[in-house]
file model_10.cif (mmCIF, C-alpha atoms)
data_protein
loop_
_atom_site.label_atom_id
_atom_site.label_comp_id
_atom_site.auth_asym_id
_atom_site.auth_seq_id
_atom_site.Cartn_x
_atom_site.Cartn_y
_atom_site.Cartn_z
CA MET A 1 156.13 141.51 59.42
CA ASP A 2 155.61 138.05 60.92
CA LEU A 3 153.09 136.37 58.63
CA ASP A 4 152.60 133.46 61.03
CA GLN A 5 151.60 135.97 63.68
CA GLN A 6 149.17 137.63 61.26
CA THR A 7 147.58 134.27 60.42
CA ILE A 8 144.23 133.85 62.17
CA TYR A 9 143.21 130.50 60.67
CA GLU A 10 144.94 127.96 58.43
CA ASP A 11 144.29 124.41 57.26
CA ASN A 12 144.86 122.51 54.02
CA HIS A 13 142.23 124.58 52.19
CA LEU A 14 142.01 128.00 53.83
CA LEU A 15 144.30 130.78 54.95
CA ILE A 16 142.73 133.72 56.79
CA VAL A 17 145.02 136.61 57.65
CA ASN A 18 144.82 139.88 59.55
CA LYS A 19 145.96 142.24 56.77
CA PRO A 20 148.18 145.05 58.03
CA VAL A 21 147.12 148.61 57.33
CA GLY A 22 149.01 150.15 54.40
CA LEU A 23 149.72 146.87 52.62
CA LEU A 24 148.14 146.08 49.25
CA SER A 25 145.92 142.99 49.12
CA GLN A 26 147.42 142.09 45.74
CA GLY A 27 149.81 143.64 43.26
CA ASP A 28 148.94 146.75 41.26
CA HIS A 29 150.60 149.29 38.96
CA THR A 30 152.74 150.67 41.80
CA GLY A 31 154.78 147.49 42.12
CA ASP A 32 154.68 147.90 45.90
CA PRO A 33 154.82 144.83 48.18
CA ASN A 34 151.48 143.08 48.52
CA LEU A 35 149.99 140.47 50.83
CA PHE A 36 149.23 137.93 48.09
CA ASP A 37 152.84 137.68 46.87
CA LEU A 38 154.26 137.77 50.39
CA LEU A 39 152.01 134.90 51.46
CA LYS A 40 152.90 132.78 48.43
CA ALA A 41 156.60 133.20 49.17
CA HIS A 42 156.00 132.51 52.86
CA LEU A 43 154.06 129.29 52.19
CA LYS A 44 156.69 128.08 49.74
CA SER A 45 159.42 128.59 52.33
CA LYS A 46 157.45 127.39 55.35
CA TYR A 47 156.38 124.09 53.77
CA GLN A 48 159.47 123.73 51.53
CA LYS A 49 157.36 123.35 48.40
CA PRO A 50 159.48 122.61 45.32
CA GLY A 51 156.99 123.87 42.75
CA ASN A 52 154.48 126.66 42.38
CA VAL A 53 152.28 127.46 45.39
CA TYR A 54 148.55 127.64 44.72
CA LEU A 55 146.88 130.59 46.41
CA ALA A 56 143.65 132.39 45.50
CA LEU A 57 142.47 135.72 46.85
CA ILE A 58 138.75 135.48 47.67
CA HIS A 59 138.09 139.15 48.41
CA ARG A 60 140.12 142.34 48.83
CA LEU A 61 140.56 145.12 51.34
CA ASP A 62 141.63 148.62 50.34
CA ARG A 63 145.26 149.46 51.04
CA PRO A 64 144.59 151.72 54.07
CA VAL A 65 142.15 149.19 55.59
CA GLY A 66 143.20 146.41 57.95
CA GLY A 67 141.49 143.24 59.09
CA LEU A 68 140.38 139.77 58.08
CA ILE A 69 140.94 138.64 54.52
CA ILE A 70 140.35 135.16 53.05
CA PHE A 71 142.70 133.21 50.80
CA SER A 72 142.22 129.71 49.45
CA LYS A 73 145.01 127.14 49.23
CA THR A 74 143.11 124.77 46.88
CA SER A 75 141.12 125.29 43.70
CA LYS A 76 138.20 123.29 45.13
CA ALA A 77 137.87 125.64 48.09
CA ALA A 78 138.38 128.71 45.90
CA GLU A 79 135.54 127.77 43.56
CA ARG A 80 133.18 127.13 46.46
CA LEU A 81 134.18 130.29 48.32
CA HIS A 82 133.63 132.46 45.25
CA LYS A 83 130.11 131.00 44.93
CA MET A 84 129.51 131.63 48.63
CA MET A 85 130.57 135.24 48.20
CA LEU A 86 128.11 135.71 45.34
CA GLN A 87 125.34 134.07 47.37
CA GLY A 88 126.03 136.21 50.44
CA ALA A 89 126.93 133.14 52.50
CA ILE A 90 130.05 134.78 54.00
CA ALA A 91 129.01 137.27 56.68
CA LYS A 92 131.53 140.11 57.01
CA LYS A 93 131.31 142.88 59.60
CA TYR A 94 133.34 146.06 59.83
CA LEU A 95 134.16 148.57 62.54
CA VAL A 96 134.15 152.21 61.48
CA VAL A 97 134.77 155.53 63.18
CA CYS A 98 132.95 158.23 61.25
CA GLU A 99 132.65 161.96 61.68
CA GLY A 100 129.37 163.07 63.22
CA TYR A 101 126.33 160.86 63.77
CA PRO A 102 124.38 158.99 61.07
CA GLY A 103 120.97 160.21 62.26
CA SER A 104 119.75 157.17 64.19
CA ASP A 105 121.25 154.40 66.31
CA GLN A 106 120.81 151.88 63.52
CA GLY A 107 119.52 151.81 60.00
CA ASP A 108 119.63 150.42 56.49
CA TRP A 109 120.94 152.47 53.60
CA GLN A 110 120.34 151.75 49.94
CA HIS A 111 121.98 153.86 47.27
CA TYR A 112 123.38 153.51 43.76
CA ILE A 113 127.12 153.56 43.17
CA GLU A 114 129.35 154.16 40.17
CA LYS A 115 133.12 153.62 40.00
CA ASP A 116 135.39 156.16 38.34
CA GLU A 117 138.34 153.97 37.36
CA LYS A 118 140.58 156.90 36.38
CA LYS A 119 140.22 158.55 39.78
CA ASN A 120 139.89 155.24 41.67
CA LYS A 121 136.88 156.69 43.43
CA SER A 122 133.20 155.77 43.66
CA ARG A 123 130.23 158.14 43.41
CA VAL A 124 126.95 157.50 45.18
CA PHE A 125 123.47 158.56 44.08
CA ALA A 126 120.16 158.48 45.94
CA THR A 127 118.18 157.21 42.94
CA PRO A 128 118.90 154.79 40.07
CA ARG A 129 121.19 156.06 37.35
CA GLU A 130 122.52 154.48 34.16
CA GLY A 131 125.79 152.69 34.89
CA ALA A 132 125.31 152.79 38.66
CA LYS A 133 124.74 149.62 40.71
CA ARG A 134 122.59 149.20 43.80
CA CYS A 135 124.51 149.19 47.07
CA ALA A 136 123.16 148.42 50.52
CA LEU A 137 124.44 148.24 54.08
CA HIS A 138 123.18 148.02 57.64
CA TYR A 139 124.79 150.07 60.40
CA GLN A 140 124.55 150.12 64.17
CA VAL A 141 126.00 152.86 66.35
CA LEU A 142 128.06 151.36 69.18
CA ALA A 143 129.27 154.62 70.73
CA ASN A 144 129.58 158.36 70.16
CA VAL A 145 132.55 160.31 71.54
CA ASP A 146 133.65 163.86 70.71
CA ASN A 147 131.28 164.12 67.74
CA ARG A 148 132.56 160.88 66.25
CA SER A 149 130.63 157.61 66.05
CA LEU A 150 131.80 154.02 66.28
CA LEU A 151 129.73 151.92 63.91
CA GLU A 152 129.38 148.23 63.18
CA ILE A 153 128.57 147.76 59.51
CA VAL A 154 127.20 144.74 57.67
CA LEU A 155 127.30 144.90 53.88
CA GLY A 156 124.33 143.84 51.80
CA THR A 157 126.39 144.24 48.61
CA GLY A 158 130.11 144.31 47.96
CA ARG A 159 130.88 147.30 45.74
CA SER A 160 134.23 149.04 45.39
CA HIS A 161 134.76 151.63 48.18
CA GLN A 162 131.13 151.08 49.15
CA ILE A 163 131.34 151.80 52.89
CA ARG A 164 133.57 154.83 52.34
CA ALA A 165 131.35 156.31 49.63
CA GLN A 166 128.01 155.64 51.31
CA LEU A 167 129.09 157.14 54.62
CA ALA A 168 130.45 160.21 52.85
CA PHE A 169 127.18 160.56 50.92
CA GLU A 170 125.30 160.56 54.23
CA SER A 171 127.59 163.32 55.57
CA CYS A 172 129.42 160.94 57.92
CA PRO A 173 132.78 160.37 56.20
CA ILE A 174 135.17 157.86 57.74
CA VAL A 175 137.77 159.52 59.94
CA ALA A 176 141.06 160.11 58.05
CA ASP A 177 139.47 159.29 54.67
CA SER A 178 140.58 162.40 52.79
CA LYS A 179 139.55 160.86 49.45
CA TYR A 180 135.92 160.96 50.59
CA GLY A 181 135.88 164.28 52.38
CA ALA A 182 136.99 163.70 55.97
CA GLY A 183 137.77 167.07 57.45
CA ARG A 184 140.33 166.22 60.16
CA ARG A 185 143.51 164.48 59.12
CA GLU A 186 145.13 161.91 61.39
CA SER A 187 148.70 160.71 61.74
CA GLY A 188 149.64 157.46 60.04
CA ASN A 189 148.51 155.75 56.85
CA SER A 190 145.20 154.25 57.92
CA LEU A 191 141.47 154.78 57.76
CA ALA A 192 139.15 154.22 60.69
CA LEU A 193 137.73 151.20 58.86
CA PHE A 194 138.54 147.66 59.92
CA ALA A 195 137.26 144.24 58.78
CA TYR A 196 136.87 142.64 62.19
CA SER A 197 134.43 139.74 61.80
CA LEU A 198 133.89 136.70 59.55
CA ASP A 199 131.22 134.02 59.90
CA PHE A 200 130.80 131.27 57.32
CA GLU A 201 130.76 127.54 56.76
CA HIS A 202 134.05 125.94 55.79
CA PRO A 203 133.74 125.18 52.06
CA VAL A 204 135.14 121.65 52.38
CA THR A 205 134.65 120.40 55.97
CA HIS A 206 131.42 122.38 56.48
CA GLU A 207 132.36 123.30 60.03
CA PRO A 208 131.14 126.72 61.18
CA LEU A 209 133.89 129.34 61.37
CA SER A 210 133.52 132.46 63.50
CA LEU A 211 136.59 134.71 63.55
CA ARG A 212 137.25 138.11 65.17
CA VAL A 213 140.19 140.50 65.27
CA TYR A 214 140.35 144.11 66.42
CA PRO A 215 142.32 147.17 65.31
CA GLU A 216 145.46 148.19 67.11
CA ILE A 217 144.93 150.96 69.63
CA GLY A 218 146.03 154.08 67.75
CA THR A 219 144.96 157.69 67.75
CA ILE A 220 141.82 156.98 65.73
CA TRP A 221 140.56 153.98 67.71
CA ARG A 222 141.73 154.80 71.25
CA PRO A 223 138.57 156.65 72.42
CA PHE A 224 136.44 153.64 71.40
CA THR A 225 138.41 150.57 72.44
CA GLY A 226 136.23 150.05 75.51
CA PHE A 227 133.19 149.78 73.25
CA PHE A 228 134.52 147.11 70.87
CA PRO A 229 132.13 144.11 70.79
CA ARG A 230 134.68 141.61 72.09
CA SER A 231 132.27 138.68 72.17
CA SER A 232 132.83 136.04 69.48
CA SER A 233 129.15 135.14 69.42
#

call {"tool": "encode", "arguments": {"input": "model_10.cif", "output": "structure tokens"}}
result
Amino acid sequence: MDLDQQTIYEDNHLLIVNKPVGLLSQGDHTGDPNLFDLLKAHLKSKYQKPGNVYLALIHRLDRPVGGLIIFSKTSKAAERLHKMMLQGAIAKKYLVVCEGYPGSDQGDWQHYIEKDEKKNKSRVFATPREGAKRCALHYQVLANVDNRSLLEIVLGTGRSHQIRAQLAFESCPIVADSKYGAGRRESGNSLALFAYSLDFEHPVTHEPLSLRVYPEIGTIWRPFTGFFPRSSS
């Protein structure tokens, strides 16, 4: 993997990367390779840094999910970015291929979600429940082909497995997401979920950043590639 090729934006404070599908965002109990450690080693070698390399992960993507992920190269930027995340000042959009049709061409869903840490799976409820947190998203249907829908999703909250669990709850599981009930398995180790868009103000220079990447054309995405919103606006 060429990490320079996967880098979408880099300056003294930020590093934004297109995370490959199947790679952990950061280390876990498996001990498998992860993007955080690979990037630290890459930066140390690339810039010939004699000491420890500072790098902070601002948000994560699930292992089978690809797309844009933000790292900070300075503590000043990291602190500001974490605050921006909490304030909803970093706009993230996702592309999804789900089974079926969500019922309307666009809509807003609000549910309540609870994480089962032992199973590494989230459960969604229609009404408030003790221990469950509110979760919200907006979806827009971009296309429908062969009883599958291409959606653009904007999160209103950032809960664990939120998109996967909410879509499954609404009987539109993400294609190839066997954990959340997808009925047709696909080849490869990926979900039809991709973090394609980031819009936010640089935490230090305050310049507006608008970044887009798109999934590789594979069996899941191929019927929809002509519908991807290629505009950077």

call {"tool": "residues_around", "arguments": {"input": "model_10.cif", "residues": "range 93-106 of chain A", "least_positions_apart": "3", "cutoff": "6 Å", "atoms": "only C-alpha atoms", "output": "PyMOL selection string"}}
result
chain A and resi 139-141+147-154+172-175+192-197

call {"tool": "residues_around", "arguments": {"input": "model_10.cif", "residues": "Thr225 in chain A", "least_positions_apart": "3", "cutoff": "10 Å", "atoms": "all atoms listed in the file", "output": "count of residues only"}}
result
12

call {"tool": "atom_distance", "arguments": {"input": "model_10.cif", "atom1": "CA of Pro64 in chain A", "atom2": "CA of Ile16 in chain A"}}
result
18.3 Å

call {"tool": "resolve_selection", "arguments": {"input": "model_10.cif", "expression": "the PyMOL selection byres ((chain A and resi 181) around 12)", "output": "list of chain:residue names"}}
result
A:Cys98, A:Glu99, A:Lys121, A:Arg164, A:Ala165, A:Gln166, A:Leu167, A:Ala168, A:Phe169, A:Glu170, A:Ser171, A:Cys172, A:Pro173, A:Ile174, A:Val175, A:Ala176, A:Asp177, A:Ser178, A:Lys179, A:Tyr180, A:Ala182, A:Gly183, A:Arg184, A:Arg185

call {"tool": "resolve_selection", "arguments": {"input": "model_10.cif", "expression": "the PyMOL selection byres ((chain A and resi 65) around 9)", "output": "list in words"}}
result
Lys19, Pro20, Val21, Gly22, Leu23, Leu61, Asp62, Arg63, Pro64, Gly66, Gly67, Ser190, Leu191, Ala192, Leu193, Phe194 and Ala195 of chain A

call {"tool": "write_last_selection", "arguments": {"input": "model_10.cif", "atoms": "C-alpha atoms", "output": "JSON list (two decimals), in the coordinates of the input"}}
result
[["chain", "number", "residue", "atom", "x", "y", "z"],
["A", 19, "LYS", "CA", 145.96, 142.24, 56.77],
["A", 20, "PRO", "CA", 148.18, 145.05, 58.03],
["A", 21, "VAL", "CA", 147.12, 148.61, 57.33],
["A", 22, "GLY", "CA", 149.01, 150.15, 54.40],
["A", 23, "LEU", "CA", 149.72, 146.87, 52.62],
["A", 61, "LEU", "CA", 140.56, 145.12, 51.34],
["A", 62, "ASP", "CA", 141.63, 148.62, 50.34],
["A", 63, "ARG", "CA", 145.26, 149.46, 51.04],
["A", 64, "PRO", "CA", 144.59, 151.72, 54.07],
["A", 66, "GLY", "CA", 143.20, 146.41, 57.95],
["A", 67, "GLY", "CA", 141.49, 143.24, 59.09],
["A", 190, "SER", "CA", 145.20, 154.25, 57.92],
["A", 191, "LEU", "CA", 141.47, 154.78, 57.76],
["A", 192, "ALA", "CA", 139.15, 154.22, 60.69],
["A", 193, "LEU", "CA", 137.73, 151.20, 58.86],
["A", 194, "PHE", "CA", 138.54, 147.66, 59.92],
["A", 195, "ALA", "CA", 137.26, 144.24, 58.78]]

call {"tool": "closest_residue", "arguments": {"input": "model_10.cif", "among": "A:Ala143, A:Ser122, A:Phe227, A:Pro203", "to": "His82 in chain A", "atoms": "all atoms listed in the file"}}
result
A:Pro203

call {"tool": "resolve_selection", "arguments": {"input": "model_10.cif", "expression": "the PyMOL selection byres ((chain A and resi 34) around 12)", "output": "list of chain:residue names"}}
result
A:Met1, A:Lys19, A:Pro20, A:Val21, A:Gly22, A:Leu23, A:Leu24, A:Ser25, A:Gln26, A:Gly27, A:Asp28, A:His29, A:Thr30, A:Gly31, A:Asp32, A:Pro33, A:Leu35, A:Phe36, A:Asp37, A:Leu38, A:Leu39, A:Lys40, A:Ala41, A:Leu57, A:Arg60, A:Leu61, A:Asp62, A:Arg63

call {"tool": "write_last_selection", "arguments": {"input": "model_10.cif", "atoms": "C-alpha atoms", "output": "tab-separated table (two decimals), keeping the file's coordinate frame"}}
result
chain	number	residue	atom	x	y	z
A	1	MET	CA	156.13	141.51	59.42
A	19	LYS	CA	145.96	142.24	56.77
A	20	PRO	CA	148.18	145.05	58.03
A	21	VAL	CA	147.12	148.61	57.33
A	22	GLY	CA	149.01	150.15	54.40
A	23	LEU	CA	149.72	146.87	52.62
A	24	LEU	CA	148.14	146.08	49.25
A	25	SER	CA	145.92	142.99	49.12
A	26	GLN	CA	147.42	142.09	45.74
A	27	GLY	CA	149.81	143.64	43.26
A	28	ASP	CA	148.94	146.75	41.26
A	29	HIS	CA	150.60	149.29	38.96
A	30	THR	CA	152.74	150.67	41.80
A	31	GLY	CA	154.78	147.49	42.12
A	32	ASP	CA	154.68	147.90	45.90
A	33	PRO	CA	154.82	144.83	48.18
A	35	LEU	CA	149.99	140.47	50.83
A	36	PHE	CA	149.23	137.93	48.09
A	37	ASP	CA	152.84	137.68	46.87
A	38	LEU	CA	154.26	137.77	50.39
A	39	LEU	CA	152.01	134.90	51.46
A	40	LYS	CA	152.90	132.78	48.43
A	41	ALA	CA	156.60	133.20	49.17
A	57	LEU	CA	142.47	135.72	46.85
A	60	ARG	CA	140.12	142.34	48.83
A	61	LEU	CA	140.56	145.12	51.34
A	62	ASP	CA	141.63	148.62	50.34
A	63	ARG	CA	145.26	149.46	51.04

call {"tool": "atom_distance", "arguments": {"input": "model_10.cif", "atom1": "CA of His13 in chain A", "atom2": "CA of Leu55 in chain A"}}
result
9.5 Å

call {"tool": "atom_distance", "arguments": {"input": "model_10.cif", "atom1": "CA of His161 in chain A", "atom2": "CA of His42 in chain A"}}
result
29.0 Å

call {"tool": "closest_residue", "arguments": {"input": "model_10.cif", "among": "A:Thr127, A:Gln48, A:Thr7, A:Thr157", "to": "Ile70 in chain A", "atoms": "all atoms listed in the file"}}
result
A:Thr7

call {"tool": "build_atoms", "arguments": {"input": "model_10.cif", "residues": "range 1-22 of chain A", "atoms": "N, CA and C atoms", "output": "mmCIF file, keeping the file's coordinate frame"}}
result
data_model
loop_
_atom_site.group_PDB
_atom_site.id
_atom_site.type_symbol
_atom_site.label_atom_id
_atom_site.label_comp_id
_atom_site.auth_asym_id
_atom_site.auth_seq_id
_atom_site.Cartn_x
_atom_site.Cartn_y
_atom_site.Cartn_z
ATOM 1 N N MET A 1 157.475 142.023 59.133
ATOM 2 C CA MET A 1 156.130 141.510 59.420
ATOM 3 C C MET A 1 156.173 139.991 59.563
ATOM 4 N N ASP A 2 155.664 139.485 60.671
ATOM 5 C CA ASP A 2 155.610 138.050 60.920
ATOM 6 C C ASP A 2 154.282 137.515 60.394
ATOM 7 N N LEU A 3 154.315 136.846 59.251
ATOM 8 C CA LEU A 3 153.090 136.370 58.630
ATOM 9 C C LEU A 3 152.425 135.247 59.430
ATOM 10 N N ASP A 4 153.208 134.471 60.157
ATOM 11 C CA ASP A 4 152.600 133.460 61.030
ATOM 12 C C ASP A 4 151.796 134.143 62.130
ATOM 13 N N GLN A 5 152.304 135.241 62.633
ATOM 14 C CA GLN A 5 151.600 135.970 63.680
ATOM 15 C C GLN A 5 150.334 136.628 63.142
ATOM 16 N N GLN A 6 150.347 137.016 61.878
ATOM 17 C CA GLN A 6 149.170 137.630 61.260
ATOM 18 C C GLN A 6 148.122 136.596 60.836
ATOM 19 N N THR A 7 148.496 135.316 60.838
ATOM 20 C CA THR A 7 147.580 134.270 60.420
ATOM 21 C C THR A 7 146.576 133.968 61.532
ATOM 22 N N ILE A 8 145.307 134.073 61.205
ATOM 23 C CA ILE A 8 144.230 133.850 62.170
ATOM 24 C C ILE A 8 143.691 132.427 62.078
ATOM 25 N N TYR A 9 143.696 131.870 60.865
ATOM 26 C CA TYR A 9 143.210 130.500 60.670
ATOM 27 C C TYR A 9 143.917 129.911 59.452
ATOM 28 N N GLU A 10 144.331 128.656 59.560
ATOM 29 C CA GLU A 10 144.940 127.960 58.430
ATOM 30 C C GLU A 10 144.689 126.470 58.524
ATOM 31 N N ASP A 11 144.318 125.866 57.396
ATOM 32 C CA ASP A 11 144.290 124.410 57.260
ATOM 33 C C ASP A 11 144.714 124.095 55.836
ATOM 34 N N ASN A 12 144.418 122.896 55.358
ATOM 35 C CA ASN A 12 144.860 122.510 54.020
ATOM 36 C C ASN A 12 144.176 123.310 52.911
ATOM 37 N N HIS A 13 143.021 123.907 53.214
ATOM 38 C CA HIS A 13 142.230 124.580 52.190
ATOM 39 C C HIS A 13 142.160 126.089 52.340
ATOM 40 N N LEU A 14 142.235 126.578 53.566
ATOM 41 C CA LEU A 14 142.010 128.000 53.830
ATOM 42 C C LEU A 14 143.201 128.654 54.508
ATOM 43 N N LEU A 15 143.340 129.947 54.250
ATOM 44 C CA LEU A 15 144.300 130.780 54.950
ATOM 45 C C LEU A 15 143.623 132.129 55.192
ATOM 46 N N ILE A 16 143.392 132.463 56.446
ATOM 47 C CA ILE A 16 142.730 133.720 56.790
ATOM 48 C C ILE A 16 143.704 134.554 57.611
ATOM 49 N N VAL A 17 143.933 135.773 57.139
ATOM 50 C CA VAL A 17 145.020 136.610 57.650
ATOM 51 C C VAL A 17 144.466 137.949 58.108
ATOM 52 N N ASN A 18 145.090 138.511 59.122
ATOM 53 C CA ASN A 18 144.820 139.880 59.550
ATOM 54 C C ASN A 18 145.718 140.802 58.723
ATOM 55 N N LYS A 19 145.156 141.407 57.678
ATOM 56 C CA LYS A 19 145.960 142.240 56.770
ATOM 57 C C LYS A 19 146.406 143.520 57.464
ATOM 58 N N PRO A 20 147.708 143.802 57.434
ATOM 59 C CA PRO A 20 148.180 145.050 58.030
ATOM 60 C C PRO A 20 147.700 146.270 57.248
ATOM 61 N N VAL A 21 147.461 147.340 57.955
ATOM 62 C CA VAL A 21 147.120 148.610 57.330
ATOM 63 C C VAL A 21 148.286 149.084 56.464
ATOM 64 N N GLY A 22 147.985 149.599 55.282
ATOM 65 C CA GLY A 22 149.010 150.150 54.400
ATOM 66 C C GLY A 22 149.594 149.165 53.410
#
